[in-house]
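**Q** Take a look at entry25.cif, mmCIF, C-alpha atoms:
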```
data_query
loop_
_atom_site.label_atom_id
_atom_site.label_comp_id
_atom_site.auth_asym_id
_atom_site.auth_seq_id
_atom_site.Cartn_x
_atom_site.Cartn_y
_atom_site.Cartn_z
CA MET A 1 36.67 50.74 12.68
CA SER A 2 35.56 51.88 9.21
CA GLU A 3 36.79 55.13 7.77
CA HIS A 4 34.37 57.97 8.25
CA HIS A 5 34.56 61.55 7.13
CA ASP A 6 32.40 64.07 8.94
CA HIS A 7 32.70 66.56 6.11
CA ASP A 8 29.12 67.54 6.85
CA HIS A 9 30.28 69.44 9.92
CA PRO A 10 30.90 73.11 9.18
CA HIS A 11 33.48 73.28 11.95
CA GLU A 12 35.76 70.97 13.84
CA PRO A 13 33.71 70.02 16.91
CA ILE A 14 35.22 71.36 20.08
CA ALA A 15 34.40 69.50 23.26
CA GLY A 16 36.57 71.32 25.79
CA ASP A 17 39.80 73.24 26.23
CA GLY A 18 40.00 73.69 22.45
CA VAL A 19 40.62 70.00 21.87
CA PRO A 20 38.54 68.70 18.98
CA ALA A 21 35.88 66.30 20.13
CA ALA A 22 37.20 63.41 18.07
CA ALA A 23 40.58 63.56 19.78
CA ARG A 24 38.92 63.96 23.15
CA ALA A 25 36.68 60.94 22.65
CA GLN A 26 39.66 58.83 21.62
CA ALA A 27 41.68 60.04 24.58
CA LEU A 28 38.78 59.16 26.87
CA GLU A 29 38.56 55.66 25.48
CA GLU A 30 42.31 55.17 25.82
CA LEU A 31 42.28 56.34 29.41
CA LEU A 32 39.35 54.13 30.36
CA VAL A 33 40.96 51.12 28.67
CA GLU A 34 44.30 51.86 30.37
CA LYS A 35 42.58 52.00 33.72
CA GLY A 36 40.86 48.69 33.05
CA ILE A 37 37.42 50.26 33.29
CA VAL A 38 36.30 49.25 29.82
CA SER A 39 37.82 46.98 27.24
CA ARG A 40 38.18 47.79 23.55
CA THR A 41 36.21 44.65 22.79
CA GLU A 42 33.25 45.83 24.82
CA VAL A 43 33.34 49.20 23.10
CA ARG A 44 33.59 47.65 19.62
CA GLU A 45 30.71 45.30 20.36
CA GLU A 46 28.58 48.20 21.48
CA ILE A 47 29.45 50.14 18.33
CA ASP A 48 28.59 47.06 16.27
CA TRP A 49 25.18 46.95 17.92
CA LEU A 50 24.59 50.66 17.38
CA VAL A 51 25.39 50.48 13.65
CA SER A 52 23.26 47.38 13.23
CA ARG A 53 20.09 49.31 14.14
CA SER A 54 17.87 50.54 11.33
CA PRO A 55 14.25 51.51 10.64
CA ALA A 56 13.80 48.28 8.66
CA ASP A 57 12.96 46.57 11.94
CA GLY A 58 10.23 49.04 12.81
CA ALA A 59 8.93 48.78 9.26
CA ARG A 60 8.55 45.02 9.63
CA LEU A 61 6.43 45.52 12.72
CA VAL A 62 4.21 48.00 10.91
CA ALA A 63 3.85 45.87 7.78
CA ARG A 64 2.88 42.82 9.83
CA ALA A 65 0.35 44.93 11.74
CA TRP A 66 -1.15 46.11 8.45
CA VAL A 67 -1.75 42.56 7.17
CA ASP A 68 -2.56 40.82 10.47
CA PRO A 69 -5.14 42.56 12.71
CA GLU A 70 -4.48 40.23 15.64
CA PHE A 71 -0.76 40.94 15.46
CA LYS A 72 -1.61 44.63 15.42
CA GLN A 73 -3.48 44.25 18.69
CA ARG A 74 -0.52 42.43 20.20
CA LEU A 75 1.78 45.17 18.90
CA LEU A 76 -0.35 47.90 20.46
CA ALA A 77 -0.54 45.97 23.74
CA ASP A 78 3.18 45.23 24.05
CA ALA A 79 5.56 46.29 21.31
CA ARG A 80 8.56 44.65 22.97
CA GLU A 81 6.87 41.26 22.90
CA ALA A 82 5.63 41.81 19.35
CA ALA A 83 9.17 42.62 18.23
CA LEU A 84 10.51 39.48 19.89
CA GLU A 85 7.75 37.51 18.15
CA LEU A 86 9.22 38.60 14.79
CA GLY A 87 12.75 37.82 15.92
CA LEU A 88 13.61 41.50 16.29
CA ASP A 89 15.67 43.10 19.03
CA PRO A 90 13.55 45.67 20.92
CA GLY A 91 16.63 46.93 22.73
CA PRO A 92 17.26 47.81 26.36
CA SER A 93 14.44 50.35 26.77
CA PRO A 94 12.10 49.04 29.42
CA VAL A 95 8.95 49.88 27.49
CA VAL A 96 8.29 50.48 23.81
CA LEU A 97 4.76 51.62 23.10
CA ALA A 98 3.32 51.45 19.59
CA VAL A 99 0.57 53.98 18.91
CA GLU A 100 -1.73 53.75 15.94
CA ASN A 101 -2.65 56.52 13.54
CA THR A 102 -6.28 56.31 12.48
CA GLU A 103 -8.62 58.45 10.42
CA ALA A 104 -9.35 60.28 13.68
CA VAL A 105 -5.91 60.64 15.27
CA HIS A 106 -2.40 61.41 14.01
CA HIS A 107 0.50 60.90 16.40
CA MET A 108 3.84 62.70 16.41
CA VAL A 109 6.74 61.89 18.77
CA VAL A 110 9.28 64.20 20.40
CA CYS A 111 11.61 64.27 23.38
CA THR A 112 11.60 67.90 24.44
CA LEU A 113 14.17 67.34 27.20
CA CYS A 114 16.79 65.42 25.24
CA SER A 115 16.44 62.83 22.45
CA CYS A 116 14.68 59.71 23.72
CA TYR A 117 13.85 57.54 20.73
CA PRO A 118 13.11 53.83 20.01
CA ARG A 119 16.58 53.36 18.61
CA ALA A 120 16.68 49.60 18.61
CA LEU A 121 13.76 49.51 16.18
CA LEU A 122 14.41 52.69 14.19
CA GLY A 123 18.18 53.16 14.20
CA PRO A 124 19.77 56.41 15.37
CA PRO A 125 17.49 59.44 15.54
CA PRO A 126 17.95 62.03 12.78
CA ASP A 127 19.71 65.25 13.68
CA TRP A 128 16.52 67.26 13.37
CA TYR A 129 14.76 65.11 15.98
CA LYS A 130 17.47 66.05 18.49
CA SER A 131 17.53 69.70 17.39
CA LEU A 132 16.46 72.59 19.58
CA PRO A 133 13.85 73.92 17.11
CA TYR A 134 12.09 70.55 16.79
CA ARG A 135 12.10 69.98 20.53
CA SER A 136 10.66 73.45 21.00
CA ARG A 137 8.06 73.60 18.25
CA ALA A 138 6.73 70.02 18.36
CA VAL A 139 4.75 70.97 21.47
CA SER A 140 3.95 74.59 20.58
CA ASP A 141 3.27 74.47 16.83
CA PRO A 142 3.10 70.84 15.73
CA ARG A 143 0.87 71.59 12.74
CA GLY A 144 3.48 74.10 11.58
CA VAL A 145 6.16 71.44 12.00
CA LEU A 146 4.11 68.98 9.97
CA THR A 147 3.65 71.60 7.25
CA GLU A 148 7.45 71.96 7.09
CA PHE A 149 7.65 68.20 6.63
CA GLY A 150 5.04 68.36 3.88
CA VAL A 151 2.14 66.91 5.84
CA GLU A 152 -1.24 68.57 6.01
CA LEU A 153 -3.81 66.97 8.23
CA ASP A 154 -7.54 67.28 7.71
CA GLU A 155 -8.98 69.68 10.25
CA ASP A 156 -11.06 67.00 11.91
CA VAL A 157 -8.02 64.82 12.59
CA GLU A 158 -6.80 65.14 16.15
CA LEU A 159 -3.07 65.78 16.33
CA ARG A 160 -1.53 64.12 19.35
CA VAL A 161 2.08 64.89 20.27
CA LEU A 162 3.79 62.36 22.53
CA ASP A 163 6.61 63.79 24.64
CA SER A 164 8.87 60.92 25.75
CA THR A 165 9.98 62.43 29.01
CA ALA A 166 10.64 59.18 30.85
CA ASN A 167 11.21 55.48 30.26
CA ILE A 168 8.64 54.94 27.52
CA ARG A 169 9.77 54.94 23.88
CA TYR A 170 7.08 55.57 21.29
CA LEU A 171 6.71 54.08 17.82
CA VAL A 172 4.00 55.36 15.50
CA VAL A 173 2.09 52.83 13.39
CA PRO A 174 1.15 54.95 10.38
CA ARG A 175 -1.99 54.33 8.34
CA ARG A 176 -1.70 51.88 5.52
CA PRO A 177 -1.78 53.80 2.22
CA SER A 178 -4.69 53.10 -0.09
CA GLY A 179 -3.99 51.17 -3.26
CA THR A 180 -1.75 48.66 -1.46
CA GLU A 181 -4.13 45.73 -1.30
CA GLU A 182 -2.08 43.66 -3.76
CA LEU A 183 1.28 44.18 -2.02
CA ASP A 184 2.87 41.50 0.10
CA GLU A 185 4.34 42.13 3.53
CA GLU A 186 7.86 42.78 2.23
CA GLU A 187 6.60 45.29 -0.32
CA LEU A 188 4.53 46.98 2.37
CA ALA A 189 7.50 47.21 4.72
CA ALA A 190 9.42 49.03 1.97
CA LEU A 191 6.80 51.80 2.08
CA VAL A 192 7.16 52.39 5.82
CA THR A 193 9.63 55.22 6.26
CA ARG A 194 11.46 56.12 9.44
CA ASP A 195 9.78 59.51 9.46
CA SER A 196 6.32 57.94 9.24
CA MET A 197 7.14 55.97 12.42
CA ILE A 198 8.09 59.22 14.16
CA GLY A 199 4.89 60.78 12.89
CA VAL A 200 6.24 63.67 10.80
CA SER A 201 5.52 61.99 7.51
CA ARG A 202 3.19 59.53 5.86
CA PRO A 203 4.39 56.23 4.39
CA ALA A 204 5.51 56.21 0.77
CA VAL A 205 2.92 55.35 -1.84
CA PRO A 206 3.47 52.49 -4.23
CA ALA A 207 5.11 53.50 -7.50
CA MET B 208 8.74 80.03 35.53
CA ASP B 209 12.49 79.74 35.08
CA ARG B 210 13.59 76.79 33.04
CA ALA B 211 16.91 75.05 32.48
CA VAL B 212 18.58 75.25 29.08
CA HIS B 213 17.76 71.67 28.08
CA ASP B 214 14.05 72.13 28.79
CA ARG B 215 13.08 73.18 25.27
CA GLY B 216 9.39 72.37 24.93
CA GLY B 217 7.68 75.58 23.84
CA TRP B 218 10.95 77.57 23.99
CA PRO B 219 10.32 80.68 21.87
CA THR B 220 11.97 80.23 18.49
CA ASP B 221 11.41 81.18 14.88
CA ALA B 222 14.13 78.82 13.73
CA PRO B 223 13.16 76.50 10.91
CA ILE B 224 13.93 72.85 11.38
CA ASP B 225 17.12 71.95 9.52
CA ARG B 226 16.31 68.59 8.01
CA SER B 227 19.78 67.78 6.73
CA GLU B 228 21.24 64.64 8.26
CA HIS B 229 24.72 63.31 8.75
CA ASP B 230 26.05 59.83 9.29
CA LEU B 231 27.49 59.50 12.74
CA ALA B 232 31.23 60.09 12.79
CA ASP B 233 33.47 57.47 14.35
CA TRP B 234 34.03 59.61 17.44
CA GLU B 235 30.28 60.03 17.88
CA LEU B 236 29.71 56.28 17.73
CA LEU B 237 32.59 55.88 20.14
CA THR B 238 31.11 58.40 22.57
CA ASP B 239 27.70 56.74 22.40
CA ALA B 240 29.25 53.33 22.94
CA LEU B 241 31.33 54.49 25.91
CA ALA B 242 28.25 55.85 27.63
CA HIS B 243 26.40 52.57 27.10
CA VAL B 244 29.31 50.41 28.25
CA LEU B 245 29.76 52.57 31.36
CA ALA B 246 26.04 52.26 32.06
CA GLY B 247 26.18 48.49 31.66
CA LYS B 248 28.90 48.40 34.30
CA GLY B 249 26.93 50.55 36.71
CA LEU B 250 29.50 53.34 36.49
CA MET B 251 27.24 56.00 34.99
CA ASN B 252 23.53 55.57 34.52
CA VAL B 253 21.37 57.35 31.94
CA ASP B 254 20.00 59.78 34.54
CA GLU B 255 23.54 60.81 35.45
CA LEU B 256 24.38 61.21 31.78
CA ARG B 257 21.39 63.50 31.35
CA ARG B 258 22.17 65.41 34.53
CA GLY B 259 25.72 65.95 33.31
CA ILE B 260 24.47 67.26 29.98
CA GLU B 261 22.06 69.60 31.75
CA SER B 262 24.88 70.96 33.89
CA MET B 263 26.61 72.53 30.88
CA PRO B 264 26.76 76.33 30.93
CA PRO B 265 23.73 77.37 28.87
CA ASP B 266 25.61 79.02 26.01
CA GLU B 267 27.93 76.00 25.71
CA TYR B 268 24.91 73.68 25.67
CA GLU B 269 23.33 75.63 22.82
CA GLN B 270 26.55 75.77 20.77
CA ALA B 271 27.65 72.20 21.32
CA SER B 272 26.73 69.38 18.99
CA TYR B 273 24.75 66.48 20.35
CA TYR B 274 27.69 64.17 21.10
CA GLU B 275 29.85 67.03 22.34
CA ARG B 276 27.26 67.29 25.10
CA TRP B 277 27.60 63.57 25.83
CA LEU B 278 31.37 63.85 25.96
CA TYR B 279 31.14 66.79 28.36
CA SER B 280 28.77 64.82 30.56
CA ILE B 281 30.83 61.62 30.64
CA GLU B 282 33.90 63.62 31.59
CA THR B 283 32.01 65.58 34.23
CA ILE B 284 30.37 62.57 35.85
CA LEU B 285 33.45 60.37 35.82
CA THR B 286 35.54 63.20 37.30
CA GLU B 287 32.89 63.73 39.97
CA LYS B 288 33.13 60.04 40.84
CA GLY B 289 36.92 60.08 40.92
CA VAL B 290 37.22 57.69 37.98
CA LEU B 291 39.03 60.48 36.16
CA ALA B 292 41.26 62.99 37.87
CA PRO B 293 40.31 66.62 37.18
CA GLY B 294 41.82 67.63 33.86
CA GLU B 295 43.17 64.13 33.27
CA LEU B 296 41.79 64.15 29.74
CA ASN B 297 43.85 67.24 28.95
CA ALA B 298 47.17 65.69 29.93
CA MET C 299 -1.59 53.39 41.95
CA THR C 300 -3.03 56.71 42.98
CA TYR C 301 -4.71 57.89 39.78
CA ARG C 302 -7.07 56.20 37.35
CA VAL C 303 -7.50 56.55 33.62
CA GLY C 304 -9.73 59.50 32.82
CA GLN C 305 -9.08 61.26 36.11
CA ARG C 306 -8.55 64.99 35.92
CA VAL C 307 -5.13 65.89 37.32
CA ARG C 308 -2.91 68.90 37.61
CA ILE C 309 0.84 68.80 36.97
CA ALA C 310 2.53 70.52 39.89
CA ALA C 311 4.08 73.92 39.26
CA ARG C 312 6.69 73.78 41.99
CA PRO C 313 10.30 74.82 41.37
CA HIS C 314 12.82 72.01 41.43
CA GLU C 315 16.57 72.38 41.65
CA GLY C 316 18.44 69.76 39.75
CA HIS C 317 17.53 66.95 37.44
CA HIS C 318 13.86 66.18 36.93
CA ARG C 319 11.76 65.09 33.99
CA THR C 320 8.73 67.35 34.26
CA PRO C 321 9.04 69.89 31.45
CA ALA C 322 8.43 73.56 32.19
CA TYR C 323 5.71 73.82 29.55
CA CYS C 324 3.71 71.15 31.45
CA LYS C 325 4.02 72.56 34.96
CA GLY C 326 0.75 73.93 36.24
CA LYS C 327 -1.26 72.37 33.40
CA THR C 328 -4.46 70.47 34.03
CA GLY C 329 -5.22 67.40 31.99
CA ARG C 330 -6.41 63.82 32.21
CA ILE C 331 -4.74 60.51 32.90
CA GLU C 332 -4.57 58.67 29.58
CA ARG C 333 -2.47 55.67 30.53
CA ILE C 334 -1.02 54.14 33.63
CA HIS C 335 2.52 53.01 32.91
CA ALA C 336 4.76 50.84 35.06
CA SER C 337 6.78 52.16 37.97
CA PHE C 338 10.41 53.11 37.52
CA PRO C 339 13.34 54.22 39.67
CA ASN C 340 13.14 57.93 40.39
CA PRO C 341 15.45 59.78 37.98
CA GLU C 342 15.66 62.75 40.33
CA THR C 343 17.74 60.77 42.80
CA ARG C 344 19.24 58.29 40.41
CA ALA C 345 20.86 61.20 38.60
CA TYR C 346 22.96 61.78 41.70
CA GLY C 347 24.20 58.24 42.18
CA GLU C 348 21.38 56.93 44.36
CA ASP C 349 19.39 53.83 43.47
CA GLY C 350 16.18 55.73 42.70
CA LEU C 351 14.10 53.62 45.07
CA PRO C 352 11.30 53.50 45.88
CA GLU C 353 10.13 53.32 42.28
CA GLN C 354 7.61 55.93 41.15
CA ARG C 355 4.53 55.23 39.08
CA LEU C 356 4.58 56.85 35.64
CA TYR C 357 1.46 58.18 33.95
CA SER C 358 0.67 59.51 30.50
CA VAL C 359 -1.15 62.81 31.01
CA GLY C 360 -3.00 64.52 28.17
CA PHE C 361 -3.77 68.21 27.84
CA ASN C 362 -4.51 70.62 24.99
CA PRO C 363 -2.08 73.55 24.60
CA GLY C 364 -3.79 74.58 21.37
CA ASP C 365 -5.40 72.88 18.39
CA PHE C 366 -3.55 69.71 19.31
CA ARG C 367 -3.09 67.40 22.26
CA VAL C 368 0.10 66.71 24.16
CA SER C 369 0.52 63.38 25.94
CA VAL C 370 3.42 63.62 28.34
CA ASP C 371 4.85 61.02 30.72
CA ILE C 372 4.83 62.35 34.27
CA TYR C 373 5.81 60.70 37.56
CA GLU C 374 3.16 60.32 40.24
CA HIS C 375 4.79 62.69 42.72
CA TRP C 376 4.33 65.53 40.23
CA LEU C 377 0.56 65.02 39.97
CA GLU C 378 -2.33 66.33 42.03
CA ASP C 379 -6.00 65.45 41.86
CA ALA C 380 -7.98 68.12 39.98
CA GLU C 381 -11.43 66.56 39.97
#
```
Now that the file is in, can you turn its structure into structure tokens?

**A**
Amino acid sequence: MSEHHDHDHPHEPIAGDGVPAAARAQALEELLVEKGIVSRTEVREEIDWLVSRSPADGARLVARAWVDPEFKQRLLADAREAALELGLDPGPSPVVLAVENTEAVHHMVVCTLCSCYPRALLGPPPDWYKSLPYRSRAVSDPRGVLTEFGVELDEDVELRVLDSTANIRYLVVPRRPSGTEELDEEELAALVTRDSMIGVSRPAVPA
Amino acid sequence: MDRAVHDRGGWPTDAPIDRSEHDLADWELLTDALAHVLAGKGLMNVDELRRGIESMPPDEYEQASYYERWLYSIETILTEKGVLAPGELNA
Amino acid sequence: MTYRVGQRVRIAARPHEGHHRTPAYCKGKTGRIERIHASFPNPETRAYGEDGLPEQRLYSVGFNPGDFRVSVDIYEHWLEDAE
């Protein structure tokens, strides 16, 4: 496993009985391996899959939808199938639902109960997505949340907050920025940020 | 209506959203992976994982980091099922 | 399925001990069915080691808490007709 320094943590994480979480997690793995319940290989393979996930996959779906209206319809109808069509791994979630931002509607995604997120297509969720303030305010003051993220919506744009409380994982298809007519699909994908696919940001604009 | 500590939608708060991010530490990836491998083997499903997280004492839930909650839950559920003996992780 | 798209429904406000996926801020709210999702094993029983069968239909329900809309995924047994 690669070296990793969690120097971003202000304290040593404690998971129970004063034992730092890192030591506890390692002890748990050792115990489960000793008991023959899991194998180190299985664990390593799962870690490999987790670290292979990134928002680049989601961005490819969005970029293709921007250039190909029929693909966009397929994406909105069944995002899992659309991902497979591009050779992407939609992950184990039973249903991934792509929702489209338009000039009339802006979508924002939250999981108020925990942290449900289309991880296979976006990579791990950012800390703020899992945070208590986001989970609280996304459904009580979403315009205030968007303002914090630097997004102001026109007043006539409906703001729709999707709370992923069950088996559905949501992916936002943001609006294609203007001035991008000359860009190819790869260049378009580079504009599609993770945050724009959560709905707290707009895509980048071309330089 | 009373609500459990994990049920945060609309929970009164003035807290700003801290947008700083951190790469997952090795132990966090490990914890995540263990939960998924256990689920794949039918030993602990995602609903049990969530239920275990929700069973944390409220102040511990609020103080714990995200993967500390997962670790607590895995330990709780596996102990409940007799896969781990109580306190076996402390030995 | 019991409900159709566009139907006015109320999200039940009953207390529930133990794991369930109907958030407190949604309980008692009236809204409309926006989507009919698939059926899934019931997390309320699956969380306690049972198989979660029979599966429960999941719906996306929309309501307006303020100057925005919330679409939340709710299981059928938490919904009531409000037409």

**Q** If we count all atoms listed in the file, which residues of chain C reach to within 9 Å of chain A? Please list them as a list in words.

**A** Arg319, Thr320, Pro321, Tyr323, His335, Ala336, Phe338, Pro341, Leu356, Gly360, Pro363, Gly364, Asp365, Phe366, Arg367, Val368, Ser369, Val370, Asp371, Ile372 and Tyr373 of chain C

**Q** Any chance you can output those residues with C-alpha atoms as a PDB file, in the coordinates of the input?

**A**
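Saved the output as out01.pdb:
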```pdb
ATOM      1  CA  ARG C 319      11.760  65.090  33.990  1.00  0.00           C
ATOM      2  CA  THR C 320       8.730  67.350  34.260  1.00  0.00           C
ATOM      3  CA  PRO C 321       9.040  69.890  31.450  1.00  0.00           C
ATOM      4  CA  TYR C 323       5.710  73.820  29.550  1.00  0.00           C
ATOM      5  CA  HIS C 335       2.520  53.010  32.910  1.00  0.00           C
ATOM      6  CA  ALA C 336       4.760  50.840  35.060  1.00  0.00           C
ATOM      7  CA  PHE C 338      10.410  53.110  37.520  1.00  0.00           C
ATOM      8  CA  PRO C 341      15.450  59.780  37.980  1.00  0.00           C
ATOM      9  CA  LEU C 356       4.580  56.850  35.640  1.00  0.00           C
ATOM     10  CA  GLY C 360      -3.000  64.520  28.170  1.00  0.00           C
ATOM     11  CA  PRO C 363      -2.080  73.550  24.600  1.00  0.00           C
ATOM     12  CA  GLY C 364      -3.790  74.580  21.370  1.00  0.00           C
ATOM     13  CA  ASP C 365      -5.400  72.880  18.390  1.00  0.00           C
ATOM     14  CA  PHE C 366      -3.550  69.710  19.310  1.00  0.00           C
ATOM     15  CA  ARG C 367      -3.090  67.400  22.260  1.00  0.00           C
ATOM     16  CA  VAL C 368       0.100  66.710  24.160  1.00  0.00           C
ATOM     17  CA  SER C 369       0.520  63.380  25.940  1.00  0.00           C
ATOM     18  CA  VAL C 370       3.420  63.620  28.340  1.00  0.00           C
ATOM     19  CA  ASP C 371       4.850  61.020  30.720  1.00  0.00           C
ATOM     20  CA  ILE C 372       4.830  62.350  34.270  1.00  0.00           C
ATOM     21  CA  TYR C 373       5.810  60.700  37.560  1.00  0.00           C
TER      22      TYR C 373
END
```

**Q** Give the residues of chain A that lie within 7 Å of chain B; count all atoms listed in the file, and format the answer as a VMD selection string.

**A** chain A and resid 4 to 6 8 15 21 to 22 25 27 to 28 42 to 43 46 to 47 112 to 114 126 to 128 132 to 137 139 to 140

**Q** Mind writing the picked residues with C-alpha atoms as an mmCIF file, keeping the file's coordinate frame?

**A**
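Result written to part-v1.cif:
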```cif
data_model
loop_
_atom_site.group_PDB
_atom_site.id
_atom_site.type_symbol
_atom_site.label_atom_id
_atom_site.label_comp_id
_atom_site.auth_asym_id
_atom_site.auth_seq_id
_atom_site.Cartn_x
_atom_site.Cartn_y
_atom_site.Cartn_z
ATOM 1 C CA HIS A 4 34.370 57.970 8.250
ATOM 2 C CA HIS A 5 34.560 61.550 7.130
ATOM 3 C CA ASP A 6 32.400 64.070 8.940
ATOM 4 C CA ASP A 8 29.120 67.540 6.850
ATOM 5 C CA ALA A 15 34.400 69.500 23.260
ATOM 6 C CA ALA A 21 35.880 66.300 20.130
ATOM 7 C CA ALA A 22 37.200 63.410 18.070
ATOM 8 C CA ALA A 25 36.680 60.940 22.650
ATOM 9 C CA ALA A 27 41.680 60.040 24.580
ATOM 10 C CA LEU A 28 38.780 59.160 26.870
ATOM 11 C CA GLU A 42 33.250 45.830 24.820
ATOM 12 C CA VAL A 43 33.340 49.200 23.100
ATOM 13 C CA GLU A 46 28.580 48.200 21.480
ATOM 14 C CA ILE A 47 29.450 50.140 18.330
ATOM 15 C CA THR A 112 11.600 67.900 24.440
ATOM 16 C CA LEU A 113 14.170 67.340 27.200
ATOM 17 C CA CYS A 114 16.790 65.420 25.240
ATOM 18 C CA PRO A 126 17.950 62.030 12.780
ATOM 19 C CA ASP A 127 19.710 65.250 13.680
ATOM 20 C CA TRP A 128 16.520 67.260 13.370
ATOM 21 C CA LEU A 132 16.460 72.590 19.580
ATOM 22 C CA PRO A 133 13.850 73.920 17.110
ATOM 23 C CA TYR A 134 12.090 70.550 16.790
ATOM 24 C CA ARG A 135 12.100 69.980 20.530
ATOM 25 C CA SER A 136 10.660 73.450 21.000
ATOM 26 C CA ARG A 137 8.060 73.600 18.250
ATOM 27 C CA VAL A 139 4.750 70.970 21.470
ATOM 28 C CA SER A 140 3.950 74.590 20.580
#
```

**Q** One decimal, Å: what's the distance from CA of Gly259 (chain B) over to CA of Ala345 (chain C), could you say?

**A**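 So the answer is 8.6 Å.
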
**Q** What residues come out when you apply the PyMOL selection byres ((chain B) within 6 of (chain C)) to this file, written as a ChimeraX atom specification?

**A** /B:254-255,258

**Q** Starting from the shown file, work through the PyMOL selection byres ((chain A and resi 206) around 9) and note down what comes out as a PDB file with C-alpha atoms, keeping the file's coordinate frame.

**A**
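As a result, out_37.pdb now contains:
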```
ATOM      1  CA  PRO A 177      -1.780  53.800   2.220  1.00  0.00           C
ATOM      2  CA  GLY A 179      -3.990  51.170  -3.260  1.00  0.00           C
ATOM      3  CA  THR A 180      -1.750  48.660  -1.460  1.00  0.00           C
ATOM      4  CA  LEU A 183       1.280  44.180  -2.020  1.00  0.00           C
ATOM      5  CA  GLU A 187       6.600  45.290  -0.320  1.00  0.00           C
ATOM      6  CA  LEU A 188       4.530  46.980   2.370  1.00  0.00           C
ATOM      7  CA  LEU A 191       6.800  51.800   2.080  1.00  0.00           C
ATOM      8  CA  ALA A 204       5.510  56.210   0.770  1.00  0.00           C
ATOM      9  CA  VAL A 205       2.920  55.350  -1.840  1.00  0.00           C
ATOM     10  CA  ALA A 207       5.110  53.500  -7.500  1.00  0.00           C
TER      11      ALA A 207
END
```

**Q** Provide the CA of Leu75 (chain A) to CA of Ala98 (chain A) distance in Å, to one decimal place.

**A**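 Computing the Euclidean distance for CA of Leu75 (chain A) and CA of Ala98 (chain A) yields 6.5 Å.
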
**Q** Between CA of Val253 (chain B) and CA of Tyr268 (chain B), what distance in Å does the model show, to one decimal?

**A** 17.8 Å

**Q** For the provided coordinates, the residues matched by the PyMOL selection byres ((chain C and resi 352) around 10) should be stated as a ChimeraX atom specification.

**A** /C:337-340,349-351,353-355

**Q** In file coordinates, which residues lie within 10 Å of (-13.0, 63.1, 44.4) using only C-alpha atoms, given as a list in words?

**A**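 Output: Gln305, Arg306, Asp379, Ala380 and Glu381 of chain C.
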